[in-house]
Amino acid sequence: MTTTTTTTTFGATNMAVLGEPKVQIGRYQGLRSANSLCLTRSRQVPLSSVSSSSLIRAVATPPKPETATETKRSKVEIFKEQSNFIRYPLNEEILTDAPNINEAATQLIKFHGSYQQYNRDERGGRSYSFMLRTKNPCGKVSNQLYLTMDDLADQFGIGTLRLTTRQTFQLHGVLKKDLKTVMSSIIRSMGSTLGACGDLNRNVLAPPAPIQRKDYLCAQQTAENIAALLTPQSGFYYDVWVDGEKILTAESPEVTKARNDNSHGTNFPDSPEPIYGTQFLPRKFKVAVTVPTDNSVDILTNDIGVVVVTDDNGEPQGFNLYVGGGMGRTHRMESTFPRLAEPLGYVPKEDILYAIKAIVVTQRENGRRDDRRYSRMKYLISSWGIEKFRSVVEQYYGKKFEPFRELPEWEFKSHLGWHKQGDGSYYCGLHVDNGRIGGVMKQALREVIEKYNLSIRLTPNQNIILCDIRSAWKRPITTVLAKAGLLHPRFVDPLNLTAMACPAFPLCPLAITEAERGIPDILKRVRAVFEKVGLKYNESVVIRITGCPNGCARPYMAELGLVGDGPNSYQIWLGGTSNQTSLAKSFMNKVKVQDLEKVFEPLFYYWKRKRQSKESFGDFTNRLGFEKLQELVDKWEGPEATPTRYNLKLFADKETYEAVDELAKLQNKNAHQLAMEVIRNFVASQQNGKSQ
């Protein structure tokens, strides 16, 4: 049986040699098929028998017909084409004396895991620095890498580490002159920033808990295999940061086999990047893997969501696949939108890497490259519909997808607190407000992680898990952590436990208003509204805040999402659910930060009084509908006076009360709130170690 193949052909006049004499890069002609080519599947199909609607674009770059018009491309596509596989001009720009790099290098350094930034709080000039983001599939961090990142934050950063919503570190404030030192230190500590940003697969999420259970172990191993499969192969990262030094990393034979397989026309033949080619993907690409019920990874917000399916004995058999999720949008452009992933089908365990590759190639070949606002895979699926998308993917996969397997209801699992791993050791999940590790918290974590040689897992909710803790270590570890404010989750305000915010000001160039710096005060104000309208302390809503509409903290899945839409102004989104399975909708625009209570009070007041049994805030807002909610907000004149349910006398004399009240005002609290916080922290430090 013969097989039709595609080959990469460049016009001789367009051939150029960039940097390395063995790597020849031709002019990009668009990802289009020649009229004479047809991709074959598992059997030979005569070209005449294939309908035009089922033709798939060739995966190589054929000669451009003389009559063809130039395909419109974004500027970033041209930068990629001319970069010699993401090397030039970055490799030259990092050597100049200037504190910043040029436009092309600014785009290319993203593929290396870094963004150029400047301090937007400063006036009269720009103080440039770089943010570095690591790549940690499943959020796994070795003891050595954690200690290295901790050191780098002090020596070359701003003294803090930022845990992200994709289970990675962000290191802010690195100067250009220190980039190579910092990058090489991460690489030599067996870490990486390769592909943490840019138009390729980003960090692959998986449940962070180190549970010794077959489905969890399968999910985590699969996430690592997918990350390896989609890691760039052309060596540009190591050429730039460690002068081409070869860093040995173990790779599963099944990953190598799947990457090299070209049975169904997925690869660029003889290319240093067999999957990505010279142009990589049209835009960022996100993958998450999990087990049934565990939605710690926000599974429906990813380009691909992978769910382990087991038999009755808990043995993994295969995977359900979701496709087409994504959060980013643009204000005042209704053609851009957040979208939930939808079911694609089921694949046997041994086929997962081939199915993932087929989906990625479908996006590579068909995703838009002219306007980056519409380049995510969600727009391709929205345009085509899931049936056409499935049909095209199946041609690259070489098989039909099996029917999607039935799954139980999803739950949000934080994995916080003390838990048994299943191997005789314990793990401890710690809440970190907004993922920012600094000050005494940073010192305490360093002390514990270094002393007990602990490995780490980062969570998709900006938290951290300490792993492999012996029973005898629990009490001393708890004591050290509690003194630094790292408490058992029952001593943390429930509003804080599920809240997230992106960094926004002062360093993010896309920020429109505050997020990380603003959320502590906003959460305190929400708590005060809860108290005012009579909601109990243990009741909560999922609150997420971003400084722009790109959605890094996934605000469009929140029960209450605040999205920056102007200076000190937010768009309010309502209707997400606590298990992150419903998309919120835009409720109000341009709400000034000082006016948030005018919206919060009526919403929470009527939730308290009109909700059904055990009805969450998100479900309540969806049931009542936005028209009714808007009417309640517009007519709001304040809650009816109700007697205080509890009258706990915290202060024995007026002088003590006034002293505490003065201290509380400095933290934008009242005396009662501060006193209760002090009491909770004291109880935590005394009893937390005894609770397990």
# chains A, B, ... in the order shown; residues from 1 in each chain; ligands from 1
$ residues_around --residues "Leu194 in chain A" --least-positions-apart "6" --cutoff "8 Å" --atoms "only C-alpha atoms" --output "list in words"
Phe111, His112, Gly113, Thr134, Lys135, Thr231 and Tyr237 of chain A
$ write_last_selection --atoms "N, CA, C and O atoms" --output "PDB file, in the first residue's frame"
ATOM      1  N   PHE A 111       8.489  32.852  24.466  1.00  0.00           N
ATOM      2  CA  PHE A 111       8.651  31.416  24.254  1.00  0.00           C
ATOM      3  C   PHE A 111       9.675  30.834  25.230  1.00  0.00           C
ATOM      4  O   PHE A 111       9.642  29.646  25.536  1.00  0.00           O
ATOM      5  N   HIS A 112      10.571  31.676  25.692  1.00  0.00           N
ATOM      6  CA  HIS A 112      11.596  31.272  26.659  1.00  0.00           C
ATOM      7  C   HIS A 112      11.082  31.380  28.101  1.00  0.00           C
ATOM      8  O   HIS A 112      11.818  31.074  29.032  1.00  0.00           O
ATOM      9  N   GLY A 113       9.835  31.857  28.267  1.00  0.00           N
ATOM     10  CA  GLY A 113       9.235  31.918  29.597  1.00  0.00           C
ATOM     11  C   GLY A 113       9.390  33.238  30.310  1.00  0.00           C
ATOM     12  O   GLY A 113       9.433  33.277  31.543  1.00  0.00           O
ATOM     13  N   THR A 134       8.093  29.782  35.482  1.00  0.00           N
ATOM     14  CA  THR A 134       8.620  28.423  35.344  1.00  0.00           C
ATOM     15  C   THR A 134       7.603  27.503  34.688  1.00  0.00           C
ATOM     16  O   THR A 134       6.433  27.843  34.529  1.00  0.00           O
ATOM     17  N   LYS A 135       8.077  26.340  34.300  1.00  0.00           N
ATOM     18  CA  LYS A 135       7.227  25.288  33.726  1.00  0.00           C
ATOM     19  C   LYS A 135       7.292  24.098  34.667  1.00  0.00           C
ATOM     20  O   LYS A 135       8.345  23.482  34.827  1.00  0.00           O
ATOM     21  N   THR A 231       6.925  19.788  24.155  1.00  0.00           N
ATOM     22  CA  THR A 231       8.068  20.658  24.443  1.00  0.00           C
ATOM     23  C   THR A 231       8.846  20.913  23.157  1.00  0.00           C
ATOM     24  O   THR A 231       9.102  19.976  22.397  1.00  0.00           O
ATOM     25  N   TYR A 237      16.205  27.299  23.370  1.00  0.00           N
ATOM     26  CA  TYR A 237      16.216  27.711  24.770  1.00  0.00           C
ATOM     27  C   TYR A 237      17.609  27.545  25.374  1.00  0.00           C
ATOM     28  O   TYR A 237      18.163  28.455  26.003  1.00  0.00           O
TER      29      TYR A 237
END
$ residues_around --residues "Arg339 in chain A" --least-positions-apart "6" --cutoff "9 Å" --atoms "only C-alpha atoms" --output "PyMOL selection string"
chain A and resi 300-301+324-328+378-379+382+556+583
$ write_last_selection --atoms "C-alpha atoms" --output "compact mmCIF listing (two decimals), in the first residue's frame"
# COMPACT_ATOMS: atom_id res chain seq x y z
CA LEU A 300 -13.43 23.40 31.34
CA THR A 301 -11.29 26.52 30.91
CA GLY A 324 -12.36 24.50 23.26
CA GLY A 325 -12.17 26.23 26.62
CA GLY A 326 -10.55 29.62 27.12
CA MET A 327 -10.97 32.76 29.20
CA GLY A 328 -9.52 35.73 27.30
CA LYS A 378 -12.05 28.15 21.09
CA TYR A 379 -12.78 30.43 18.14
CA SER A 382 -17.01 28.04 17.75
CA TYR A 556 -15.48 34.28 34.20
CA LEU A 583 -19.74 30.38 32.81
$ residues_around --residues "Trp636 in chain A" --least-positions-apart "3" --cutoff "7 Å" --atoms "only C-alpha atoms" --output "list in words"
Pro602, Leu632 and Val633 of chain A
$ write_last_selection --atoms "C-alpha atoms" --output "compact mmCIF listing (two decimals), in the first residue's frame"
# COMPACT_ATOMS: atom_id res chain seq x y z
CA PRO A 602 -28.52 44.19 47.68
CA LEU A 632 -33.00 45.12 43.21
CA VAL A 633 -29.71 47.00 42.90
$ closest_residue --among "A:Tyr397, A:Trp241, A:Phe285, A:Phe412" --to "Ile299 in chain A" --atoms "only C-alpha atoms"
A:Phe412
$ closest_residue --among "A:Asn463, A:Gln571, A:Thr479, A:Asn496" --to "Ile522 in chain A" --atoms "only C-alpha atoms"
A:Asn496
